[in-house]
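Pasted below: work_22.txt, compact mmCIF, C-alpha atoms.
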```
# COMPACT_ATOMS: atom_id res chain seq x y z
CA MET F 4 -11.81 -3.92 24.20
CA ASN F 5 -13.15 -7.09 25.82
CA SER F 6 -12.10 -10.40 24.31
CA PRO F 7 -14.95 -12.44 22.78
CA THR F 8 -16.67 -15.07 24.92
CA THR F 9 -16.51 -18.77 24.04
CA HIS F 10 -20.05 -18.55 22.66
CA GLU F 11 -19.10 -15.56 20.50
CA ARG F 12 -16.03 -17.39 19.21
CA PHE F 13 -18.17 -20.38 18.31
CA SER F 14 -20.79 -18.21 16.56
CA ARG F 15 -18.04 -16.63 14.48
CA PHE F 16 -16.71 -20.09 13.66
CA LEU F 17 -20.09 -21.21 12.32
CA LYS F 18 -20.01 -18.31 9.87
CA SER F 19 -16.34 -18.20 8.94
CA GLY F 20 -15.01 -21.71 9.50
CA ILE F 21 -12.18 -20.26 11.64
CA TYR F 22 -12.02 -20.76 15.41
CA ARG F 23 -9.44 -18.70 17.30
CA PHE F 24 -8.79 -20.22 20.71
CA GLU F 25 -8.69 -18.06 23.80
CA ASN F 26 -5.20 -17.47 25.25
CA SER F 27 -3.63 -19.44 22.40
CA THR F 28 -2.18 -18.71 18.97
CA ALA F 29 -3.57 -22.02 17.66
CA ILE F 30 -6.45 -21.95 15.17
CA PHE F 31 -9.04 -24.57 14.20
CA ILE F 32 -10.23 -24.65 10.58
CA ASP F 33 -13.33 -26.21 9.04
CA PRO F 34 -12.31 -26.19 5.35
CA VAL F 35 -15.89 -26.73 4.17
CA ARG F 36 -17.17 -23.59 5.88
CA VAL F 37 -14.17 -21.61 4.66
CA LEU F 38 -14.64 -22.75 1.06
CA ASN F 39 -18.40 -22.19 1.06
CA ARG F 40 -17.93 -18.51 1.89
CA PHE F 41 -16.74 -18.11 -1.70
CA TYR F 42 -19.47 -20.00 -3.57
CA THR F 43 -22.84 -18.49 -4.45
CA ARG F 44 -24.77 -21.06 -6.50
CA PHE F 45 -23.16 -24.23 -5.16
CA ARG F 46 -21.67 -25.41 -1.90
CA VAL F 47 -18.96 -27.93 -1.09
CA SER F 48 -20.52 -31.14 0.22
CA PRO F 49 -19.22 -31.93 3.74
CA THR F 50 -19.80 -35.64 3.11
CA ALA F 51 -17.67 -35.49 -0.03
CA TYR F 52 -14.94 -33.38 1.56
CA TYR F 53 -14.62 -35.37 4.78
CA SER F 54 -14.10 -38.77 3.22
CA ARG F 55 -11.88 -40.03 6.08
CA PHE F 56 -11.35 -39.96 9.84
CA PHE F 57 -14.96 -40.07 11.01
CA ASP F 58 -16.71 -42.62 13.25
CA ASP F 59 -17.24 -45.12 10.45
CA ASP F 60 -13.58 -44.90 9.40
CA ASP F 61 -10.49 -46.54 10.78
CA HIS F 62 -7.26 -44.60 11.34
CA ASN F 63 -6.34 -44.99 7.67
CA GLY F 64 -9.63 -43.52 6.48
CA ASN F 65 -11.02 -46.93 5.49
CA SER F 66 -14.53 -47.99 6.34
CA LYS F 67 -14.65 -50.39 9.26
CA GLU F 68 -17.03 -52.57 7.30
CA GLU F 69 -14.41 -52.92 4.58
CA THR F 70 -11.56 -53.71 6.96
CA PRO F 71 -10.71 -57.36 6.41
CA GLU F 72 -11.12 -59.55 9.45
CA ALA F 73 -8.25 -61.69 10.61
CA PRO F 74 -8.51 -65.33 9.50
CA PRO F 75 -9.86 -67.68 12.21
CA ASP F 76 -6.59 -69.58 12.37
CA SER F 77 -4.41 -66.49 12.60
CA ARG F 78 -3.64 -67.12 16.27
CA LYS F 79 -2.18 -70.49 15.38
CA ARG F 80 0.41 -68.91 13.15
CA LYS F 81 3.87 -68.58 14.54
CA ARG F 82 4.61 -65.04 15.60
CA LYS F 83 7.44 -63.31 13.87
CA LYS F 84 10.27 -62.15 16.05
CA GLU F 85 10.05 -58.44 16.67
CA LYS F 86 12.94 -56.54 15.19
CA LYS F 87 15.13 -54.70 17.65
CA PRO F 88 14.99 -50.95 17.11
CA ARG F 89 18.10 -49.81 15.29
CA PRO F 90 19.93 -46.64 16.31
CA LEU F 91 18.94 -43.48 14.42
CA ASN F 92 21.32 -42.25 11.75
CA GLU F 93 22.54 -38.65 11.57
CA THR F 94 19.69 -37.43 9.36
CA GLU F 95 17.07 -39.11 11.56
CA LEU F 96 18.61 -37.56 14.66
CA ILE F 97 18.25 -34.09 13.14
CA ALA F 98 14.62 -34.88 12.27
CA GLN F 99 14.03 -36.04 15.84
CA ARG F 100 15.49 -32.81 17.22
CA ARG F 101 13.18 -30.75 15.00
CA HIS F 102 10.24 -32.80 16.24
CA GLN F 103 11.20 -32.37 19.89
CA GLU F 104 11.43 -28.60 19.43
CA VAL F 105 7.90 -28.26 18.08
CA ARG F 106 6.34 -31.09 20.13
CA PRO F 107 5.36 -28.93 23.16
CA LEU F 108 3.59 -26.43 20.86
CA LEU F 109 1.64 -29.19 19.13
CA LEU F 110 0.69 -30.82 22.44
CA LYS F 111 -0.49 -27.50 23.85
CA ALA F 112 -2.56 -26.76 20.73
CA HIS F 113 -4.14 -30.21 20.88
CA GLU F 114 -4.91 -29.89 24.59
CA THR F 115 -6.56 -26.54 23.88
CA LEU F 116 -8.82 -28.17 21.29
CA LEU F 117 -9.76 -30.99 23.67
CA GLY F 118 -10.61 -28.42 26.33
CA THR F 119 -12.96 -26.43 24.08
CA THR F 120 -16.17 -28.39 24.73
CA GLU F 121 -18.51 -26.60 22.33
CA LEU F 122 -16.13 -26.88 19.38
CA LEU F 123 -15.22 -30.48 20.18
CA ALA F 124 -18.90 -31.43 20.17
CA ALA F 125 -19.34 -29.75 16.77
CA LEU F 126 -16.56 -31.78 15.16
CA LYS F 127 -18.68 -34.90 14.84
CA GLY F 128 -21.26 -32.95 12.86
CA LEU F 129 -18.82 -31.48 10.34
CA ARG F 130 -19.62 -34.21 7.84
CA SER F 131 -23.37 -33.55 7.86
CA ASP F 132 -24.89 -32.19 4.65
CA GLY F 133 -27.37 -30.24 6.77
CA HIS F 134 -30.74 -29.39 5.28
CA PHE F 135 -30.28 -31.44 2.11
CA THR F 136 -32.66 -34.36 1.68
CA ASP F 137 -31.62 -38.02 1.68
CA GLU F 138 -32.43 -38.20 -2.04
CA GLU F 139 -30.17 -35.21 -2.82
CA CYS F 140 -27.32 -36.66 -0.77
CA ARG F 141 -27.74 -40.09 -2.41
CA GLY F 142 -27.55 -38.40 -5.82
CA SER F 143 -24.32 -36.68 -4.80
CA ALA F 144 -22.93 -40.00 -3.53
CA LEU F 145 -23.73 -41.71 -6.85
CA LYS F 146 -21.86 -38.97 -8.71
CA ARG F 147 -18.85 -39.52 -6.46
CA GLU F 148 -18.80 -43.20 -7.40
CA ALA F 149 -18.55 -42.31 -11.10
CA SER F 150 -15.12 -42.39 -12.69
CA GLU F 151 -13.15 -39.15 -12.92
CA LEU F 152 -11.28 -37.71 -15.87
CA ASN F 153 -7.54 -38.27 -15.75
CA PHE F 154 -6.29 -34.80 -16.66
CA VAL F 155 -2.64 -35.84 -16.65
CA GLU F 156 -3.24 -38.49 -19.31
CA LEU F 157 -5.62 -36.27 -21.30
CA GLY F 158 -2.97 -33.56 -21.46
CA ARG F 159 -0.48 -35.97 -23.02
CA VAL F 160 -2.53 -37.23 -25.97
CA TRP F 161 -2.29 -35.63 -29.40
CA GLN F 162 -5.91 -34.47 -29.21
CA SER F 163 -5.29 -32.33 -26.09
CA PRO F 164 -5.20 -28.99 -27.99
CA LEU F 165 -8.68 -29.82 -29.31
CA TYR F 166 -10.34 -30.37 -25.94
CA GLU F 167 -12.57 -27.46 -24.95
CA ILE F 168 -14.34 -26.56 -21.74
CA SER F 169 -17.73 -24.82 -21.94
CA LEU F 170 -18.56 -22.25 -19.27
CA ASN F 171 -22.27 -21.66 -18.73
CA PHE F 172 -22.95 -18.19 -17.34
CA ASP F 173 -26.32 -17.63 -15.68
CA GLN F 174 -28.48 -15.09 -17.50
CA ASP F 175 -29.39 -13.44 -14.20
CA GLN F 176 -25.76 -12.56 -13.45
CA ASN F 177 -24.78 -8.93 -13.73
CA PHE F 178 -21.94 -10.09 -15.93
CA THR F 179 -21.60 -11.50 -19.41
CA GLN F 180 -18.42 -12.82 -20.97
CA ASP F 181 -17.59 -11.87 -24.53
CA GLY F 182 -19.47 -14.37 -26.60
CA GLY F 183 -22.70 -14.49 -24.57
CA ASP F 184 -23.99 -16.72 -21.79
CA GLN F 185 -21.91 -19.70 -22.86
CA ILE F 186 -18.35 -19.78 -24.11
CA SER F 187 -16.08 -22.65 -25.11
CA VAL F 188 -12.31 -22.31 -24.81
CA PRO F 189 -9.33 -24.69 -24.93
CA VAL F 190 -8.89 -26.33 -21.52
CA PHE F 191 -5.16 -27.12 -21.83
CA ASN F 192 -2.35 -24.56 -22.13
CA ASN F 193 -4.83 -21.70 -21.90
CA PHE F 194 -6.04 -19.22 -19.31
CA VAL F 195 -9.63 -20.15 -18.41
CA VAL F 196 -11.23 -17.22 -16.59
CA ASN F 197 -14.43 -16.53 -14.66
CA ASN F 198 -14.45 -12.78 -13.97
CA GLY F 199 -18.05 -12.82 -12.81
CA ASP F 200 -19.41 -12.38 -9.29
CA ASN F 201 -20.89 -15.89 -9.18
CA ASP F 202 -19.53 -19.38 -9.62
CA VAL F 203 -20.37 -21.03 -12.93
CA GLU F 204 -20.88 -24.59 -14.06
CA ALA F 205 -18.60 -25.81 -16.83
CA GLU F 206 -18.67 -28.93 -19.01
CA LEU F 207 -15.72 -30.96 -20.28
CA LEU F 208 -16.07 -34.35 -21.98
CA ASN F 209 -19.49 -34.96 -20.42
CA ARG F 210 -18.28 -34.12 -16.90
CA ASN F 211 -19.34 -30.97 -15.05
CA TYR F 212 -17.11 -28.70 -12.95
CA ILE F 213 -17.68 -25.68 -10.73
CA ILE F 214 -15.54 -22.60 -11.46
CA PRO F 215 -15.49 -20.12 -8.54
CA ARG F 216 -16.09 -16.41 -9.01
CA LYS F 217 -13.15 -14.15 -9.86
CA SER F 218 -10.91 -17.12 -10.57
CA CYS F 219 -8.56 -18.27 -13.29
CA PHE F 220 -6.76 -21.52 -14.02
CA TYR F 221 -4.07 -22.66 -16.44
CA MET F 222 -3.84 -26.43 -16.90
CA SER F 223 -0.55 -27.71 -18.32
CA ASP F 224 2.54 -29.70 -17.50
CA LEU F 225 5.70 -28.18 -16.03
CA LYS F 226 7.16 -27.31 -19.45
CA GLU F 227 4.52 -24.60 -19.96
CA ILE F 228 4.80 -22.84 -16.59
CA HIS F 229 6.74 -19.96 -18.17
CA ASN F 230 3.42 -18.83 -19.69
CA LEU F 231 2.38 -17.68 -16.21
CA VAL F 232 5.17 -15.09 -16.04
CA PRO F 233 3.54 -11.67 -16.55
CA VAL F 234 4.86 -9.26 -19.16
CA GLU F 235 4.96 -6.46 -16.56
CA CYS F 236 6.23 -6.91 -13.00
CA GLU F 237 3.24 -4.93 -11.68
CA SER F 238 1.10 -7.85 -12.82
CA GLY F 239 3.07 -10.32 -10.70
CA PHE F 240 1.80 -12.03 -7.57
CA ASN F 241 1.94 -10.99 -3.90
CA LEU F 242 1.03 -14.40 -2.47
CA ILE F 243 2.39 -17.61 -4.00
CA LEU F 244 1.17 -20.89 -2.47
CA ILE F 245 2.94 -24.06 -3.59
CA ASP F 246 2.03 -27.70 -2.92
CA PRO F 247 4.61 -29.70 -4.91
CA PRO F 248 4.02 -33.36 -5.77
CA TRP F 249 7.05 -34.46 -3.75
CA GLU F 250 8.32 -37.96 -4.37
CA ASN F 251 6.63 -40.15 -1.80
CA SER F 252 6.41 -43.94 -1.67
CA SER F 253 2.99 -43.68 -0.05
CA ALA F 254 1.67 -41.58 -2.94
CA HIS F 255 2.97 -44.16 -5.40
CA GLN F 256 1.23 -46.92 -3.47
CA LYS F 257 -2.08 -45.12 -3.44
CA LEU F 258 -1.73 -43.98 -7.05
CA LYS F 259 -3.43 -40.72 -6.17
CA TYR F 260 -1.23 -38.38 -8.14
CA HIS F 261 1.99 -38.21 -10.16
CA THR F 262 5.14 -37.12 -8.34
CA LEU F 263 8.31 -35.37 -9.51
CA PRO F 264 11.97 -35.56 -8.44
CA ASN F 265 13.14 -32.64 -6.30
CA ARG F 266 15.42 -31.22 -9.00
CA TYR F 267 12.40 -30.33 -11.16
CA PHE F 268 11.23 -27.75 -8.62
CA LEU F 269 14.49 -25.80 -8.78
CA SER F 270 13.42 -24.36 -12.15
CA LEU F 271 10.16 -22.80 -10.94
CA PRO F 272 10.31 -19.08 -11.94
CA ILE F 273 9.36 -17.72 -8.53
CA GLU F 274 11.32 -14.48 -8.88
CA GLN F 275 9.76 -13.73 -12.28
CA LEU F 276 6.28 -14.41 -10.86
CA THR F 277 6.83 -12.02 -7.95
CA HIS F 278 5.11 -8.63 -7.83
CA THR F 279 7.24 -5.49 -7.71
CA SER F 280 6.12 -4.97 -4.09
CA GLY F 281 7.31 -8.49 -3.20
CA ALA F 282 5.58 -11.77 -2.44
CA LEU F 283 4.96 -14.10 0.45
CA VAL F 284 5.85 -17.64 -0.64
CA ALA F 285 4.16 -20.49 1.27
CA LEU F 286 5.47 -24.01 0.57
CA TRP F 287 3.91 -27.25 1.80
CA VAL F 288 6.59 -29.69 2.98
CA THR F 289 6.40 -33.19 4.46
CA ASN F 290 8.34 -34.20 7.58
CA ARG F 291 11.16 -35.94 5.72
CA GLU F 292 14.40 -34.42 6.95
CA LYS F 293 16.14 -34.74 3.57
CA LEU F 294 13.33 -32.73 2.04
CA ARG F 295 13.46 -30.03 4.72
CA ARG F 296 17.21 -29.64 4.17
CA PHE F 297 16.70 -29.53 0.40
CA VAL F 298 14.24 -26.66 0.82
CA GLU F 299 16.50 -24.72 3.18
CA ASN F 300 19.82 -25.29 1.42
CA GLU F 301 18.87 -25.51 -2.26
CA LEU F 302 15.27 -24.71 -3.18
CA PHE F 303 14.69 -21.38 -1.41
CA PRO F 304 18.14 -20.05 -2.43
CA SER F 305 17.55 -21.04 -6.06
CA TRP F 306 14.21 -19.20 -5.99
CA GLY F 307 15.68 -16.13 -4.28
CA VAL F 308 13.36 -16.67 -1.30
CA THR F 309 14.39 -15.60 2.21
CA TYR F 310 13.09 -17.90 4.96
CA ALA F 311 10.68 -16.27 7.44
CA ALA F 312 8.78 -18.86 9.51
CA THR F 313 7.26 -22.34 9.69
CA PHE F 314 3.59 -23.09 10.37
CA TYR F 315 2.27 -26.52 11.37
CA TRP F 316 -0.92 -28.25 10.27
CA LEU F 317 -2.02 -30.63 13.04
CA LYS F 318 -4.45 -33.32 11.84
CA VAL F 319 -7.22 -34.67 14.04
CA LYS F 320 -10.12 -37.09 13.70
CA ALA F 321 -13.76 -36.21 14.27
CA ASP F 322 -13.47 -37.09 17.97
CA GLY F 323 -10.63 -34.60 18.37
CA GLN F 324 -7.91 -37.21 18.73
CA LEU F 325 -4.79 -37.06 16.57
CA ILE F 326 -4.91 -39.18 13.40
CA SER F 327 -1.77 -41.00 14.57
CA GLN F 328 0.57 -40.98 17.55
CA LEU F 329 2.43 -37.70 17.80
CA ASP F 330 5.80 -39.41 18.20
CA LEU F 331 5.34 -42.00 15.45
CA PHE F 332 8.55 -41.44 13.52
CA HIS F 333 7.48 -42.02 9.90
CA HIS F 334 3.78 -41.12 10.17
CA ARG F 335 3.53 -38.03 12.33
CA PRO F 336 0.10 -36.32 12.41
CA TYR F 337 1.28 -32.97 11.11
CA GLU F 338 2.75 -31.28 8.06
CA CYS F 339 4.76 -28.10 7.65
CA LEU F 340 4.09 -24.89 5.75
CA VAL F 341 7.43 -23.16 5.21
CA LEU F 342 7.14 -19.41 4.61
CA GLY F 343 9.53 -16.94 3.03
CA TYR F 344 9.67 -13.68 1.12
CA SER F 345 10.53 -13.20 -2.53
CA SER F 346 11.46 -9.89 -4.15
CA GLN F 347 12.40 -8.63 -7.57
CA LYS F 348 16.07 -8.30 -8.47
CA ASP F 349 17.93 -5.48 -6.70
CA VAL F 350 15.16 -5.19 -4.08
CA ASP F 351 16.19 -6.11 -0.55
CA VAL F 352 13.67 -8.32 1.27
CA VAL F 353 13.95 -6.14 4.39
CA GLU F 354 12.67 -3.21 2.31
CA LEU F 355 9.35 -4.96 1.67
CA SER F 356 6.61 -3.14 3.55
CA GLY F 357 2.91 -3.15 4.27
CA HIS F 358 2.68 -6.45 6.13
CA VAL F 359 2.63 -7.79 9.68
CA PRO F 360 5.73 -9.76 10.79
CA ILE F 361 5.09 -13.51 10.59
CA PRO F 362 4.94 -15.34 13.93
CA ASP F 363 6.99 -18.54 13.91
CA ASN F 364 5.53 -21.93 14.88
CA GLN F 365 1.86 -21.05 14.27
CA VAL F 366 -0.34 -24.16 14.65
CA PHE F 367 -3.63 -24.68 12.80
CA ILE F 368 -5.79 -27.74 13.33
CA SER F 369 -8.33 -29.47 11.10
CA VAL F 370 -9.84 -32.80 10.16
CA PRO F 371 -8.16 -33.80 6.86
CA GLY F 372 -10.12 -34.17 3.66
CA ASP F 373 -9.19 -36.46 0.79
CA TYR F 374 -5.66 -37.78 0.43
CA SER F 375 -3.13 -34.92 0.07
CA ARG F 376 -5.88 -32.26 0.02
CA LYS F 377 -4.66 -29.26 2.00
CA PRO F 378 -6.91 -26.96 4.07
CA PRO F 379 -7.66 -23.52 2.53
CA ILE F 380 -5.29 -21.33 4.54
CA GLY F 381 -4.88 -18.49 2.01
CA ASP F 382 -6.93 -15.97 4.00
CA LEU F 383 -4.90 -16.67 7.14
CA LEU F 384 -1.77 -15.57 5.28
CA LEU F 385 -3.08 -12.27 3.89
CA GLU F 386 -1.97 -10.07 6.79
CA TYR F 387 1.64 -11.19 6.19
CA VAL F 388 1.58 -10.38 2.46
CA PRO F 389 3.68 -7.39 1.31
CA GLY F 390 2.07 -4.68 -0.78
CA SER F 391 -1.58 -3.67 -0.99
CA LYS F 392 -4.38 -5.61 0.69
CA ASP F 393 -5.91 -6.28 -2.73
CA CYS F 394 -3.11 -8.71 -3.51
CA ARG F 395 -2.76 -11.01 -6.49
CA ARG F 396 -2.73 -14.69 -5.50
CA LEU F 397 -1.24 -17.68 -7.27
CA GLU F 398 -1.28 -21.38 -6.39
CA LEU F 399 1.16 -23.73 -8.08
CA PHE F 400 0.42 -27.47 -8.47
CA ALA F 401 -3.19 -26.70 -7.56
CA ARG F 402 -5.76 -29.49 -7.44
CA GLU F 403 -8.70 -27.19 -6.75
CA LEU F 404 -9.67 -23.58 -7.46
CA GLY F 405 -10.40 -20.66 -5.17
CA ALA F 406 -12.27 -17.38 -5.53
CA GLY F 407 -9.77 -14.61 -6.21
CA TRP F 408 -6.99 -17.06 -7.07
CA ASN F 409 -4.99 -17.86 -10.19
CA CYS F 410 -4.26 -21.59 -10.20
CA TRP F 411 -1.78 -23.61 -12.21
CA GLY F 412 -1.13 -27.36 -12.38
CA ASN F 413 -1.77 -30.46 -14.44
CA GLU F 414 -5.08 -31.15 -12.67
CA PRO F 415 -6.48 -27.92 -11.11
CA LEU F 416 -10.05 -29.15 -11.74
CA HIS F 417 -9.62 -32.34 -9.71
CA PHE F 418 -11.73 -31.24 -6.72
CA GLN F 419 -14.00 -28.99 -8.83
CA ASP F 420 -16.00 -31.94 -10.18
CA THR F 421 -19.68 -31.49 -9.34
CA LYS F 422 -19.56 -34.74 -7.38
CA TYR F 423 -17.88 -32.74 -4.60
CA PHE F 424 -20.68 -30.13 -4.56
CA LEU F 425 -24.34 -29.67 -3.77
CA LYS F 426 -26.51 -27.03 -5.41
CA ARG F 427 -27.84 -24.32 -3.14
CA ARG F 428 -31.62 -24.48 -2.72
CA ARG F 429 -32.35 -20.92 -3.79
CA ASP F 430 -31.15 -21.74 -7.32
CA ARG F 431 -33.81 -24.34 -7.88
```
Could you express the structure from this file as structure tokens?
Amino acid sequence: MNSPTTHERFSRFLKSGIYRFENSTAIFIDPVRVLNRFYTRFRVSPTAYYSRFFDDDDHNGNSKEETPEAPPDSRKRKRKKEKKPRPLNETELIAQRRHQEVRPLLLKAHETLLGTTELLAALKGLRSDGHFTDEECRGSALKREASELNFVELGRVWQSPLYEISLNFDQDQNFTQDGGDQISVPVFNNFVVNNGDNDVEAELLNRNYIIPRKSCFYMSDLKEIHNLVPVECESGFNLILIDPPWENSSAHQKLKYHTLPNRYFLSLPIEQLTHTSGALVALWVTNREKLRRFVENELFPSWGVTYAATFYWLKVKADGQLISQLDLFHHRPYECLVLGYSSQKDVDVVELSGHVPIPDNQVFISVPGDYSRKPPIGDLLLEYVPGSKDCRRLELFARELGAGWNCWGNEPLHFQDTKYFLKRRRDR
């Protein structure tokens, strides 16, 4: 069978959002195209998703117009003496060795992207909202400027059990929930489900949210996570994706989300959430060496997870260049996805079947979205999932929903606000 031509690869990318490079294991992802494959009535707005790293942004994702200019007399100020670089400590040396091991793979993947002319030219247009009018895009922009609900704070107040979310099901859907075309259910500490074949619009405290088809979410704090554990093991999950709110000084500075100490994650009931046929566990991890060692030496063992491989997310700007220097020690332009297998008690991991062996050091590339928003890589992991192809999927600490996914966290509706979406024309 002949391998696809560059034009065929690009045509497939326009439909799927996935570009598989020729003679390379690296993959480029357009999260907006990937996400929009799973929405019927709405579509994710590229302008809203790609809020950083385009031509009108600086390397921190700030608008150039908003970047403060240096004072006129700044040259007159006495320059501070540059600090001499200090020698790396033992932990930093280990981190540097890890980086040097993966560096050639990342460089090769990046060079492959820069050599793919058609794809590189398309990157600058990823943020375009396409056929939508200026008025429609302005309306979406105004919604984005409106204040968001703080789900973490709402979940803490005494009234939280009283808050309800109303799901509005279209009358033309071939599906009706019990209770008719509109149902209202508690939004906290409750399974909110859309079993229909179309996404639905939901209302909570005068804000609207888009709930994807065949999806479910449970919004609570960590104390209630035990409610996710199924009564029967056959109802467990085959794919468990986890994006923990690791402690991070940068996150505190930006005040984007609440973080937790590492010890809190040791209690996650991964084994109890695992399907009888086993589960692939995918864990997002930053480049901090102490954190990597915590995952390897404490977290995975406490979960009963056997390490399998590490994938790398390489972040680029709209011109294809890396968002920061590859060798910048504390701000490297990539993150890690650590993969392992979980099984029920008395089931050996090597006995898990029905999946392709995971290749180590897989690299996928994308332009980042909002701060800490991860690209939708669930479909890329399916071939490595044990059990049947119709697997059950769970995301922990989710900040957005996905079709076919069960999502848990204290703010799973964060990126489901209608300000991140545009309505498809055929629904008007």
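For the atom pair formed by atom CA of F:Leu116 and atom CA of F:Leu244, the distance is 26.8 Å, given to one decimal.
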(request) Would you list the contacts of F:Tyr267 as a VMD selection string, taking every protein, DNA or RNA residue within 9 Å and counting all atoms listed in the file, but skipping same-chain residues closer than 4 positions in sequence? (result) chain F and resid 225 263 271
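With only C-alpha atoms as the atoms that count, the residue of F:Lys293, F:Leu385, F:Ile243, F:Ile228 with the shortest distance to F:Ser270 is F:Ile228.
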(request) Could you tell me how far atom CA of F:Asn364 lies from atom CA of F:Cys339, in Å and to one decimal? (result) 9.5 Å
Produce the centre coordinates and the three edge lengths, each in Å to one decimal, of the box along x, y and z that contains all listed atoms of stretch 198-212 of chain F with 6 Å added on each side, as lines of an AutoDock Vina configuration file.
```
center_x = -17.7
center_y = -23.7
center_z = -15.6
size_x = 18.4
size_y = 34.6
size_z = 24.8
```
(request) With all atoms listed in the file counted, which protein, DNA or RNA residues have an atom no more than 8 Å from (-22.3, -28.3, -2.2) in the file frame? Please answer as a VMD selection string. (result) chain F and resid 39 45 to 49 423 to 427
Output file for the residues above (C-alpha atoms, as a tab-separated table (two decimals), keeping the file's coordinate frame):
```
chain	number	residue	atom	x	y	z
F	39	ASN	CA	-18.40	-22.19	1.06
F	45	PHE	CA	-23.16	-24.23	-5.16
F	46	ARG	CA	-21.67	-25.41	-1.90
F	47	VAL	CA	-18.96	-27.93	-1.09
F	48	SER	CA	-20.52	-31.14	0.22
F	49	PRO	CA	-19.22	-31.93	3.74
F	423	TYR	CA	-17.88	-32.74	-4.60
F	424	PHE	CA	-20.68	-30.13	-4.56
F	425	LEU	CA	-24.34	-29.67	-3.77
F	426	LYS	CA	-26.51	-27.03	-5.41
F	427	ARG	CA	-27.84	-24.32	-3.14
```
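With only C-alpha atoms as the atoms that count, the residue of F:Glu25, F:Glu227, F:Asp373, F:Asp202 with the shortest distance to F:Pro215 is F:Asp202.
Of the residues listed (F:Gly199, F:Gly118, F:Gly323, F:Pro362), F:Pro362 shows the shortest atom-to-atom separation from F:Thr28; distances use all atoms listed in the file.
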(request) For atom CA of F:Asn193 and atom CA of F:Asp382, quote the distance in Å rounded to one decimal. (result) 26.6 Å
